[in-house]
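Single-structure report; data block below.
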Amino acid sequence: MNMKVHLRKGFVVPPIRTVIIILILVAVAIAAVLIWQAVKPSASEVPAPDYWPTTGWRSSTPEAQGIDSDKLTELLLAIREKNIQVHSLLVIRNGYVVTNATFYPYDGQTVHNVASVTKSFMTTLIGIAADQGKLDLDDKMVSFFPNRTIADLDPRKQDITVRHLVGMSSGLDCAAEPDEPTLKEMEGSPDWVQFALDRKVVWEPGQQFMYCSPAIHLLSPILQQATGMTTLDFARQYLFEPLGFGDVMWPQDPQGYYDGWSDVSLHPHDMAKLGFLFLHQGQWEGRQIVSPEWVEEAISAHMTETDDDPYGYGWWIDPAVESGFRASGRGGQRIVVLPEWDMVVVTTGGGFELNEIAEPIVASFVDFENPLPANPEGESRLQEAIKTVAQPPEPQPNASLPEIARMISDKTYVFDPNPAGLESSVLVFDGTSEATAFIQFSGRPLGSVPVGLDSVYRFSPGPDGRTQGYRGAWTDPQTFLLEYDGITNNDHAFLQFRFEGDRVEVSLQETAHEVGVQFAGRLQQP
């Protein structure tokens with residue numbers, strides 16, 4: 001093949017030695033780039049999936065994905081035996097479900113409150129709006145509220161941007177522990193947006209991390225102002241419908257803005273779809289739902305000095321797992337994304353920590369390079385364990401009631417104002433395996449609920465119509481322990497009533513919120 005080489009006028013051919021040196025340097029530079037791309041922790045390394053789970057997830061045996069069925073069986077049974085408050089566990093590898101377990105009393109058929117996993121959805125919607133040019137991350141927070149009078153509007157508050165809000169570095173005064181007291185103040189205020197805007201700025205925006213739900217709630221009205229759509233309508237059109245989400249429940253604040261900080265309720269399978277979207281750099285069925293640039297920014301550690309792992313934009317970054325990141329909500333709500341293993345793990349719960357089950361989950365990961373030998377017996381044991389953990393425990397024989405149970409039965413006890421908001425209680429015992437409780441909380445109608453005394457919950461509709469369960473037991477001759485499980489509402493609490501004459505001492509411990517309070521009441525006189 002003949003090739004004509006045309007040299008520009010004035011071009012001087014360099015000596016052959018110089019050419020060789022230049023070629024070596026270029027080769028080294030190219031090699032360095034290739035090595036960096038090979039080791040850079042990025043979800044873009046994950047191969048394109050065999051299918052997209054828009055209409056539903058496909059299943060695979062664990063062994064086909066390099067996972068040990070027997071190890072998963074041990075995990076499920078241990079969760080049940082140790083009464084770890086897991087409601088569901090969903091393990092997906094290479095786009096295929098290898099474990100889908102729900103634990104009594106959650107049946108997996110209804111949506112589940114995902115708590116602060118909502119923040120990861122909220123920031124993703126902000127990313128989509130930014131991709132569309134509807135807003136910019138460097139837009140000032142106050143620019144979205146031109147008709148509001150904002151307290152303490154000093155230069156630092158005027159410098160707060162959308163970027164600061166999604167990264168939890170706004171500088172707004174927000175006490176995060178225990179159980180976010182500033183959040184409780186916001187929920188008690190008549191206007192949540194105004195409450196958040198009026199917070200003082202206690203440090204320079206962008207300089208310090210502070211987990212602040214009121215600040216991130218502002219993203220919801222900001223999105224509505226920028227797009228002209230409610231947060232839910234925008235989510236449906238640009239996220240939920242393209243990914244094939246099922247039912248969604250999303251509460252609103254007193255002014256009608258959808259909560260930006262918490263309490264969206266979704267099916268675990270749909271939670272996993274958000275993780276799968278980020279695992280594949282924001283792409284879904286050939287469509288870019290959110291840009292790869294946003295995904296990269298959202299799962300990069302922008303704030304490293306936190307009380308937990310480093311934080312991105314609505315996502316926590318796991319330094320212990322290469323390129324791993326997660327969405328987290330109180331009580332055990334998690335979307336864990338592990339690009340190195342092409343994996344998404346989703347949990348819901350009523351009050352547990354991921355480290356209670358993380359080690360046995362990882363122990364089941366055997367070989368991610370090759371499928372394991374088929375293990376039909378192990379797969380059968382796993383399916384049997386999945387059935388077992390979904391069933392209620394065997395009813396226990398009726399225990400004889402202590403004498404005090406007859407004395408306090410059907411008697412009303414009243415309480416002075418207390419942190420739990422409990423105003424009155426009545427317990428009724430008739431010698432059967434079921435009691436009845438009448439519990440009056442502040443701001444709620446008096447409710448009558450059945451209580452299982454045989455270790456099995458009795459179910460009844462909760463305030464929002466979703467199922468809740470109650471069971472109880474006498475732990476000693478003077479103490480009755482009442483267990484309440486909101487199940488899908490992410491509420492789980494133990495109320496211990498200790499009766500002494502006309503007085504009752506109450507200890508309330510919430511497992512999902514990690515809050516405990518104590519107070520006393522007295523017998524209501526006729």
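Labels for the structure tokens follow display order: chains A, B, ..., residues from 1 in each chain, ligands from 1.
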Within 6 Å of stretch 287-298 of chain A, counting only C-alpha atoms, which residues show up once you throw out same-chain ones fewer than 2 positions away? Write them as a ChimeraX atom specification, please.
/A:128,281-285,300,312-313
Just to be explicit: take each residue in the selection above, keep C-alpha atoms, and write the result as a tab-separated table (two decimals), in the first residue's frame.
```
chain	number	residue	atom	x	y	z
A	128	ILE	CA	-32.85	14.70	36.75
A	281	GLN	CA	-24.76	4.79	35.44
A	282	GLY	CA	-28.31	6.13	35.26
A	283	GLN	CA	-29.28	4.17	32.14
A	284	TRP	CA	-32.44	2.13	31.78
A	285	GLU	CA	-33.59	0.29	28.66
A	300	SER	CA	-18.53	10.38	45.30
A	312	GLY	CA	-22.19	12.09	48.54
A	313	TYR	CA	-25.44	13.60	47.28
```
Please provide as JSON, numbers by chain all residues within 12 Å of A:Leu232, with the sequence filter that same-chain residues fewer than 3 positions apart are discarded (counting only C-alpha atoms).
{"A": [118, 121, 122, 125, 220, 221, 223, 224, 227, 228, 229, 235, 236, 237, 238, 239, 240, 241, 248, 249, 250, 251, 252, 256, 257, 258, 259, 260, 264]}
Generate the output file for the selected residues, N, CA and C atoms, as a PDB file, in the first residue's frame.
```pdb
ATOM      1  N   THR A 118     -35.699   7.868  51.311  1.00  0.00           N
ATOM      2  CA  THR A 118     -36.374   8.934  50.557  1.00  0.00           C
ATOM      3  C   THR A 118     -35.377   9.991  50.090  1.00  0.00           C
ATOM      4  N   PHE A 121     -33.888   9.161  46.801  1.00  0.00           N
ATOM      5  CA  PHE A 121     -34.830   9.411  45.711  1.00  0.00           C
ATOM      6  C   PHE A 121     -34.946  10.907  45.437  1.00  0.00           C
ATOM      7  N   MET A 122     -35.021  11.694  46.519  1.00  0.00           N
ATOM      8  CA  MET A 122     -35.190  13.143  46.362  1.00  0.00           C
ATOM      9  C   MET A 122     -34.004  13.768  45.635  1.00  0.00           C
ATOM     10  N   LEU A 125     -34.079  12.992  41.947  1.00  0.00           N
ATOM     11  CA  LEU A 125     -35.001  13.863  41.213  1.00  0.00           C
ATOM     12  C   LEU A 125     -34.378  15.233  40.951  1.00  0.00           C
ATOM     13  N   SER A 220     -37.809  19.536  48.089  1.00  0.00           N
ATOM     14  CA  SER A 220     -39.116  19.259  47.498  1.00  0.00           C
ATOM     15  C   SER A 220     -39.780  20.536  46.970  1.00  0.00           C
ATOM     16  N   PRO A 221     -39.926  21.595  47.778  1.00  0.00           N
ATOM     17  CA  PRO A 221     -40.477  22.829  47.210  1.00  0.00           C
ATOM     18  C   PRO A 221     -39.564  23.458  46.150  1.00  0.00           C
ATOM     19  N   LEU A 223     -37.778  21.767  43.953  1.00  0.00           N
ATOM     20  CA  LEU A 223     -38.073  21.030  42.728  1.00  0.00           C
ATOM     21  C   LEU A 223     -39.399  21.487  42.126  1.00  0.00           C
ATOM     22  N   GLN A 224     -40.389  21.695  42.978  1.00  0.00           N
ATOM     23  CA  GLN A 224     -41.696  22.133  42.485  1.00  0.00           C
ATOM     24  C   GLN A 224     -41.612  23.520  41.869  1.00  0.00           C
ATOM     25  N   THR A 227     -39.671  23.197  38.411  1.00  0.00           N
ATOM     26  CA  THR A 227     -40.253  22.415  37.321  1.00  0.00           C
ATOM     27  C   THR A 227     -41.715  22.726  37.057  1.00  0.00           C
ATOM     28  N   GLY A 228     -42.387  23.379  38.008  1.00  0.00           N
ATOM     29  CA  GLY A 228     -43.815  23.615  37.855  1.00  0.00           C
ATOM     30  C   GLY A 228     -44.643  22.362  38.080  1.00  0.00           C
ATOM     31  N   MET A 229     -44.015  21.300  38.611  1.00  0.00           N
ATOM     32  CA  MET A 229     -44.707  20.044  38.898  1.00  0.00           C
ATOM     33  C   MET A 229     -44.490  19.682  40.364  1.00  0.00           C
ATOM     34  N   ALA A 235     -41.672  12.809  39.827  1.00  0.00           N
ATOM     35  CA  ALA A 235     -41.098  11.485  40.037  1.00  0.00           C
ATOM     36  C   ALA A 235     -41.807  10.439  39.185  1.00  0.00           C
ATOM     37  N   ARG A 236     -43.113  10.523  39.116  1.00  0.00           N
ATOM     38  CA  ARG A 236     -43.855   9.549  38.312  1.00  0.00           C
ATOM     39  C   ARG A 236     -43.450   9.614  36.840  1.00  0.00           C
ATOM     40  N   GLN A 237     -43.374  10.818  36.304  1.00  0.00           N
ATOM     41  CA  GLN A 237     -43.110  10.970  34.876  1.00  0.00           C
ATOM     42  C   GLN A 237     -41.678  10.607  34.498  1.00  0.00           C
ATOM     43  N   TYR A 238     -40.725  10.985  35.339  1.00  0.00           N
ATOM     44  CA  TYR A 238     -39.329  10.873  34.922  1.00  0.00           C
ATOM     45  C   TYR A 238     -38.531   9.770  35.635  1.00  0.00           C
ATOM     46  N   LEU A 239     -39.141   9.125  36.636  1.00  0.00           N
ATOM     47  CA  LEU A 239     -38.417   8.074  37.348  1.00  0.00           C
ATOM     48  C   LEU A 239     -39.270   6.829  37.564  1.00  0.00           C
ATOM     49  N   PHE A 240     -40.392   6.984  38.236  1.00  0.00           N
ATOM     50  CA  PHE A 240     -41.181   5.822  38.621  1.00  0.00           C
ATOM     51  C   PHE A 240     -41.750   5.076  37.413  1.00  0.00           C
ATOM     52  N   GLU A 241     -42.375   5.789  36.489  1.00  0.00           N
ATOM     53  CA  GLU A 241     -42.978   5.118  35.341  1.00  0.00           C
ATOM     54  C   GLU A 241     -41.938   4.523  34.400  1.00  0.00           C
ATOM     55  N   VAL A 248     -46.993   3.552  45.172  1.00  0.00           N
ATOM     56  CA  VAL A 248     -46.143   4.477  45.919  1.00  0.00           C
ATOM     57  C   VAL A 248     -47.034   5.296  46.840  1.00  0.00           C
ATOM     58  N   MET A 249     -46.633   5.406  48.107  1.00  0.00           N
ATOM     59  CA  MET A 249     -47.296   6.321  49.035  1.00  0.00           C
ATOM     60  C   MET A 249     -46.277   7.380  49.439  1.00  0.00           C
ATOM     61  N   TRP A 250     -46.665   8.659  49.294  1.00  0.00           N
ATOM     62  CA  TRP A 250     -45.732   9.745  49.586  1.00  0.00           C
ATOM     63  C   TRP A 250     -46.484  10.829  50.362  1.00  0.00           C
ATOM     64  N   PRO A 251     -46.225  10.963  51.653  1.00  0.00           N
ATOM     65  CA  PRO A 251     -46.960  11.945  52.466  1.00  0.00           C
ATOM     66  C   PRO A 251     -46.556  13.380  52.141  1.00  0.00           C
ATOM     67  N   GLN A 252     -47.393  14.311  52.583  1.00  0.00           N
ATOM     68  CA  GLN A 252     -47.183  15.730  52.318  1.00  0.00           C
ATOM     69  C   GLN A 252     -47.107  16.514  53.618  1.00  0.00           C
ATOM     70  N   GLY A 256     -48.721  21.053  51.716  1.00  0.00           N
ATOM     71  CA  GLY A 256     -48.943  20.207  50.550  1.00  0.00           C
ATOM     72  C   GLY A 256     -47.698  19.807  49.792  1.00  0.00           C
ATOM     73  N   TYR A 257     -46.519  20.201  50.265  1.00  0.00           N
ATOM     74  CA  TYR A 257     -45.281  19.757  49.610  1.00  0.00           C
ATOM     75  C   TYR A 257     -44.978  18.315  50.040  1.00  0.00           C
ATOM     76  N   TYR A 258     -44.597  17.499  49.082  1.00  0.00           N
ATOM     77  CA  TYR A 258     -44.251  16.116  49.411  1.00  0.00           C
ATOM     78  C   TYR A 258     -42.953  16.082  50.216  1.00  0.00           C
ATOM     79  N   ASP A 259     -42.935  15.207  51.221  1.00  0.00           N
ATOM     80  CA  ASP A 259     -41.799  15.154  52.141  1.00  0.00           C
ATOM     81  C   ASP A 259     -40.503  14.888  51.371  1.00  0.00           C
ATOM     82  N   GLY A 260     -39.524  15.764  51.555  1.00  0.00           N
ATOM     83  CA  GLY A 260     -38.251  15.584  50.878  1.00  0.00           C
ATOM     84  C   GLY A 260     -37.270  14.761  51.674  1.00  0.00           C
ATOM     85  N   VAL A 264     -41.464   8.079  52.269  1.00  0.00           N
ATOM     86  CA  VAL A 264     -42.013   7.451  51.077  1.00  0.00           C
ATOM     87  C   VAL A 264     -42.167   5.959  51.355  1.00  0.00           C
TER      88      VAL A 264
END
```
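Using only C-alpha atoms, the smallest distance between any of A:Val162, A:Ala520, A:Phe352, A:His269 and A:Ala130 comes from A:Val162.
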With a distance cut-off of 12 Å and only C-alpha atoms, select the neighbouring residues of A:Asp270, excluding the residue or stretch itself and same-chain residues fewer than 4 positions from it, and output the selection as a PyMOL selection string.
chain A and resi 53-57+90+108+110-112+114+121+239-248+264-266+274-277+335+344+346-347
Filtering to N, CA and C atoms, could you give me those residues as an mmCIF file, in the first residue's frame?
```
data_model
loop_
_atom_site.group_PDB
_atom_site.id
_atom_site.type_symbol
_atom_site.label_atom_id
_atom_site.label_comp_id
_atom_site.auth_asym_id
_atom_site.auth_seq_id
_atom_site.Cartn_x
_atom_site.Cartn_y
_atom_site.Cartn_z
ATOM 1 N N PRO A 53 -35.418 -4.919 34.403
ATOM 2 C CA PRO A 53 -36.526 -5.426 35.230
ATOM 3 C C PRO A 53 -37.718 -4.478 35.311
ATOM 4 N N THR A 54 -38.024 -3.803 34.229
ATOM 5 C CA THR A 54 -39.127 -2.837 34.242
ATOM 6 C C THR A 54 -40.443 -3.496 34.617
ATOM 7 N N THR A 55 -40.702 -4.653 34.052
ATOM 8 C CA THR A 55 -41.960 -5.345 34.343
ATOM 9 C C THR A 55 -41.810 -6.424 35.402
ATOM 10 N N GLY A 56 -40.618 -6.579 35.950
ATOM 11 C CA GLY A 56 -40.406 -7.548 37.008
ATOM 12 C C GLY A 56 -39.005 -8.129 36.962
ATOM 13 N N TRP A 57 -38.537 -8.551 38.130
ATOM 14 C CA TRP A 57 -37.206 -9.138 38.241
ATOM 15 C C TRP A 57 -37.253 -10.617 37.868
ATOM 16 N N LEU A 90 -33.624 -8.852 50.051
ATOM 17 C CA LEU A 90 -33.624 -9.069 48.616
ATOM 18 C C LEU A 90 -32.185 -8.959 48.126
ATOM 19 N N GLY A 108 -44.632 -8.671 52.458
ATOM 20 C CA GLY A 108 -44.053 -8.262 51.187
ATOM 21 C C GLY A 108 -45.052 -7.857 50.127
ATOM 22 N N THR A 110 -47.402 -5.416 50.468
ATOM 23 C CA THR A 110 -47.745 -3.992 50.538
ATOM 24 C C THR A 110 -46.481 -3.151 50.572
ATOM 25 N N VAL A 111 -46.636 -1.873 50.250
ATOM 26 C CA VAL A 111 -45.489 -0.969 50.254
ATOM 27 C C VAL A 111 -44.990 -0.780 51.681
ATOM 28 N N HIS A 112 -43.712 -0.468 51.808
ATOM 29 C CA HIS A 112 -43.052 -0.338 53.101
ATOM 30 C C HIS A 112 -42.429 1.048 53.202
ATOM 31 N N VAL A 114 -39.786 3.592 53.643
ATOM 32 C CA VAL A 114 -38.334 3.446 53.446
ATOM 33 C C VAL A 114 -37.549 4.492 54.223
ATOM 34 N N PHE A 121 -33.888 9.161 46.801
ATOM 35 C CA PHE A 121 -34.830 9.411 45.711
ATOM 36 C C PHE A 121 -34.946 10.907 45.437
ATOM 37 N N LEU A 239 -39.141 9.125 36.636
ATOM 38 C CA LEU A 239 -38.417 8.074 37.348
ATOM 39 C C LEU A 239 -39.270 6.829 37.564
ATOM 40 N N PHE A 240 -40.392 6.984 38.236
ATOM 41 C CA PHE A 240 -41.181 5.822 38.621
ATOM 42 C C PHE A 240 -41.750 5.076 37.413
ATOM 43 N N GLU A 241 -42.375 5.789 36.489
ATOM 44 C CA GLU A 241 -42.978 5.118 35.341
ATOM 45 C C GLU A 241 -41.938 4.523 34.400
ATOM 46 N N PRO A 242 -40.858 5.224 34.069
ATOM 47 C CA PRO A 242 -39.846 4.585 33.204
ATOM 48 C C PRO A 242 -39.251 3.310 33.805
ATOM 49 N N LEU A 243 -39.133 3.253 35.140
ATOM 50 C CA LEU A 243 -38.555 2.075 35.782
ATOM 51 C C LEU A 243 -39.600 1.012 36.139
ATOM 52 N N GLY A 244 -40.871 1.329 35.903
ATOM 53 C CA GLY A 244 -41.927 0.356 36.146
ATOM 54 C C GLY A 244 -42.285 0.165 37.600
ATOM 55 N N PHE A 245 -42.300 1.252 38.384
ATOM 56 C CA PHE A 245 -42.666 1.151 39.796
ATOM 57 C C PHE A 245 -44.141 0.779 39.936
ATOM 58 N N GLY A 246 -44.432 0.095 41.041
ATOM 59 C CA GLY A 246 -45.808 -0.204 41.391
ATOM 60 C C GLY A 246 -46.372 0.887 42.286
ATOM 61 N N ASP A 247 -47.080 0.481 43.352
ATOM 62 C CA ASP A 247 -47.703 1.451 44.251
ATOM 63 C C ASP A 247 -46.653 2.291 44.961
ATOM 64 N N VAL A 248 -46.993 3.552 45.172
ATOM 65 C CA VAL A 248 -46.143 4.477 45.919
ATOM 66 C C VAL A 248 -47.034 5.296 46.840
ATOM 67 N N VAL A 264 -41.464 8.079 52.269
ATOM 68 C CA VAL A 264 -42.013 7.451 51.077
ATOM 69 C C VAL A 264 -42.167 5.959 51.355
ATOM 70 N N SER A 265 -43.229 5.351 50.849
ATOM 71 C CA SER A 265 -43.438 3.908 50.992
ATOM 72 C C SER A 265 -43.431 3.259 49.620
ATOM 73 N N LEU A 266 -42.606 2.210 49.484
ATOM 74 C CA LEU A 266 -42.400 1.528 48.216
ATOM 75 C C LEU A 266 -42.321 0.021 48.443
ATOM 76 N N LEU A 274 -33.918 1.469 41.976
ATOM 77 C CA LEU A 274 -33.091 2.672 42.070
ATOM 78 C C LEU A 274 -31.619 2.274 42.172
ATOM 79 N N GLY A 275 -31.317 1.259 42.980
ATOM 80 C CA GLY A 275 -29.942 0.786 43.062
ATOM 81 C C GLY A 275 -29.439 0.279 41.726
ATOM 82 N N PHE A 276 -30.281 -0.438 40.996
ATOM 83 C CA PHE A 276 -29.902 -0.980 39.690
ATOM 84 C C PHE A 276 -29.665 0.150 38.690
ATOM 85 N N LEU A 277 -30.461 1.210 38.779
ATOM 86 C CA LEU A 277 -30.273 2.375 37.914
ATOM 87 C C LEU A 277 -28.894 2.987 38.135
ATOM 88 N N ILE A 335 -30.662 0.344 50.619
ATOM 89 C CA ILE A 335 -30.343 -0.082 49.259
ATOM 90 C C ILE A 335 -28.829 -0.066 49.190
ATOM 91 N N VAL A 344 -26.951 -5.774 44.042
ATOM 92 C CA VAL A 344 -27.801 -4.867 44.803
ATOM 93 C C VAL A 344 -28.435 -5.672 45.934
ATOM 94 N N VAL A 346 -31.151 -5.218 49.144
ATOM 95 C CA VAL A 346 -32.184 -4.346 49.707
ATOM 96 C C VAL A 346 -32.734 -4.977 50.979
ATOM 97 N N THR A 347 -32.868 -4.178 52.014
ATOM 98 C CA THR A 347 -33.505 -4.651 53.242
ATOM 99 C C THR A 347 -34.562 -3.643 53.681
#
```
Strand (DSSP E) call set, DSSP backbone run, stretch 41-265 of chain A, as a list in words
Arg58, Ser59, Gln85, Val86, His87, Ser88, Leu89, Leu90, Val91, Ile92, Arg93, Tyr96, Val97, Val98, Thr99, Asn100, Ala101, Thr102, His112, Asn113 and Ser265 of chain A
Kindly save the residues from that selection, with N, CA and C atoms included, as a short mmCIF file (atom, residue, chain, number, x, y, z; two decimals), in the first residue's frame.
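The resulting again.cif:
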```
data_model
loop_
_atom_site.label_atom_id
_atom_site.label_comp_id
_atom_site.auth_asym_id
_atom_site.auth_seq_id
_atom_site.Cartn_x
_atom_site.Cartn_y
_atom_site.Cartn_z
N ARG A 58 -36.21 -11.09 37.22
CA ARG A 58 -36.05 -12.51 36.95
C ARG A 58 -35.23 -13.14 38.07
N SER A 59 -35.42 -14.43 38.26
CA SER A 59 -34.75 -15.13 39.36
C SER A 59 -33.68 -16.09 38.83
N GLN A 85 -34.90 -7.72 63.74
CA GLN A 85 -36.09 -7.10 63.18
C GLN A 85 -35.96 -6.78 61.69
N VAL A 86 -35.67 -7.83 60.91
CA VAL A 86 -35.64 -7.70 59.45
C VAL A 86 -37.05 -8.00 58.94
N HIS A 87 -37.53 -7.14 58.04
CA HIS A 87 -38.82 -7.39 57.41
C HIS A 87 -38.67 -8.05 56.04
N SER A 88 -37.64 -7.67 55.30
CA SER A 88 -37.42 -8.30 54.00
C SER A 88 -35.94 -8.24 53.65
N LEU A 89 -35.51 -9.22 52.86
CA LEU A 89 -34.15 -9.29 52.36
C LEU A 89 -34.21 -9.69 50.89
N LEU A 90 -33.62 -8.85 50.05
CA LEU A 90 -33.62 -9.07 48.62
C LEU A 90 -32.18 -8.96 48.13
N VAL A 91 -31.67 -10.04 47.55
CA VAL A 91 -30.30 -10.07 47.04
C VAL A 91 -30.36 -10.28 45.53
N ILE A 92 -29.74 -9.35 44.79
CA ILE A 92 -29.77 -9.39 43.32
C ILE A 92 -28.34 -9.37 42.82
N ARG A 93 -28.01 -10.32 41.95
CA ARG A 93 -26.67 -10.36 41.34
C ARG A 93 -26.80 -10.53 39.84
N TYR A 96 -30.26 -10.66 38.56
CA TYR A 96 -31.14 -11.77 38.88
C TYR A 96 -31.33 -11.90 40.39
N VAL A 97 -32.57 -12.09 40.81
CA VAL A 97 -32.89 -12.28 42.23
C VAL A 97 -32.43 -13.67 42.65
N VAL A 98 -31.55 -13.72 43.64
CA VAL A 98 -31.11 -15.01 44.17
C VAL A 98 -31.73 -15.30 45.54
N THR A 99 -32.19 -14.27 46.22
CA THR A 99 -32.90 -14.45 47.49
C THR A 99 -33.97 -13.37 47.61
N ASN A 100 -35.18 -13.79 47.90
CA ASN A 100 -36.28 -12.86 48.12
C ASN A 100 -37.07 -13.39 49.31
N ALA A 101 -36.74 -12.90 50.50
CA ALA A 101 -37.36 -13.41 51.73
C ALA A 101 -38.08 -12.28 52.46
N THR A 102 -39.26 -12.57 52.96
CA THR A 102 -39.97 -11.65 53.85
C THR A 102 -40.18 -12.37 55.17
N HIS A 112 -43.71 -0.47 51.81
CA HIS A 112 -43.05 -0.34 53.10
C HIS A 112 -42.43 1.05 53.20
N ASN A 113 -42.58 1.68 54.36
CA ASN A 113 -41.94 2.97 54.60
C ASN A 113 -40.42 2.80 54.50
N SER A 265 -43.23 5.35 50.85
CA SER A 265 -43.44 3.91 50.99
C SER A 265 -43.43 3.26 49.62
#
```
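For the set A:Gly350, A:Pro402, A:Pro319, A:Gly469, the residue with the smallest atom-to-atom gap to A:Phe499 is A:Pro402, counting only C-alpha atoms.
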Per residue of stretch 295-365 of chain A within 10 Å of stretch 201-213 of chain A, record the nearest atom pair and its distance in Å to one decimal, counting only C-alpha atoms, with rows in chain order and ascending residue number, as CSV.
```
residue,atom,partner,partner_atom,distance
A:His302,CA,A:Phe209,CA,9.4
A:Met303,CA,A:Phe209,CA,6.2
A:Thr304,CA,A:Phe209,CA,8.1
A:Glu305,CA,A:Phe209,CA,6.7
A:Thr306,CA,A:Phe209,CA,6.0
A:Asp307,CA,A:Met210,CA,8.7
A:Asp308,CA,A:Tyr211,CA,10.0
A:Pro310,CA,A:Phe209,CA,9.6
A:Tyr311,CA,A:Phe209,CA,8.5
```
Export of the given selection (C-alpha atoms) as an mmCIF file, in the first residue's frame:
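selection27.cif, freshly written:
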```cif
data_model
loop_
_atom_site.group_PDB
_atom_site.id
_atom_site.type_symbol
_atom_site.label_atom_id
_atom_site.label_comp_id
_atom_site.auth_asym_id
_atom_site.auth_seq_id
_atom_site.Cartn_x
_atom_site.Cartn_y
_atom_site.Cartn_z
ATOM 1 C CA HIS A 302 -17.909 15.087 49.139
ATOM 2 C CA MET A 303 -18.086 15.170 52.924
ATOM 3 C CA THR A 304 -15.707 12.794 54.714
ATOM 4 C CA GLU A 305 -15.848 14.177 58.262
ATOM 5 C CA THR A 306 -19.208 12.707 59.270
ATOM 6 C CA ASP A 307 -20.510 10.639 62.166
ATOM 7 C CA ASP A 308 -20.833 7.748 59.740
ATOM 8 C CA PRO A 310 -18.443 9.606 53.800
ATOM 9 C CA TYR A 311 -21.438 11.248 52.153
#
```
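The space separating atom CA of A:His217 from atom CA of A:Val193 comes to 7.5 Å.
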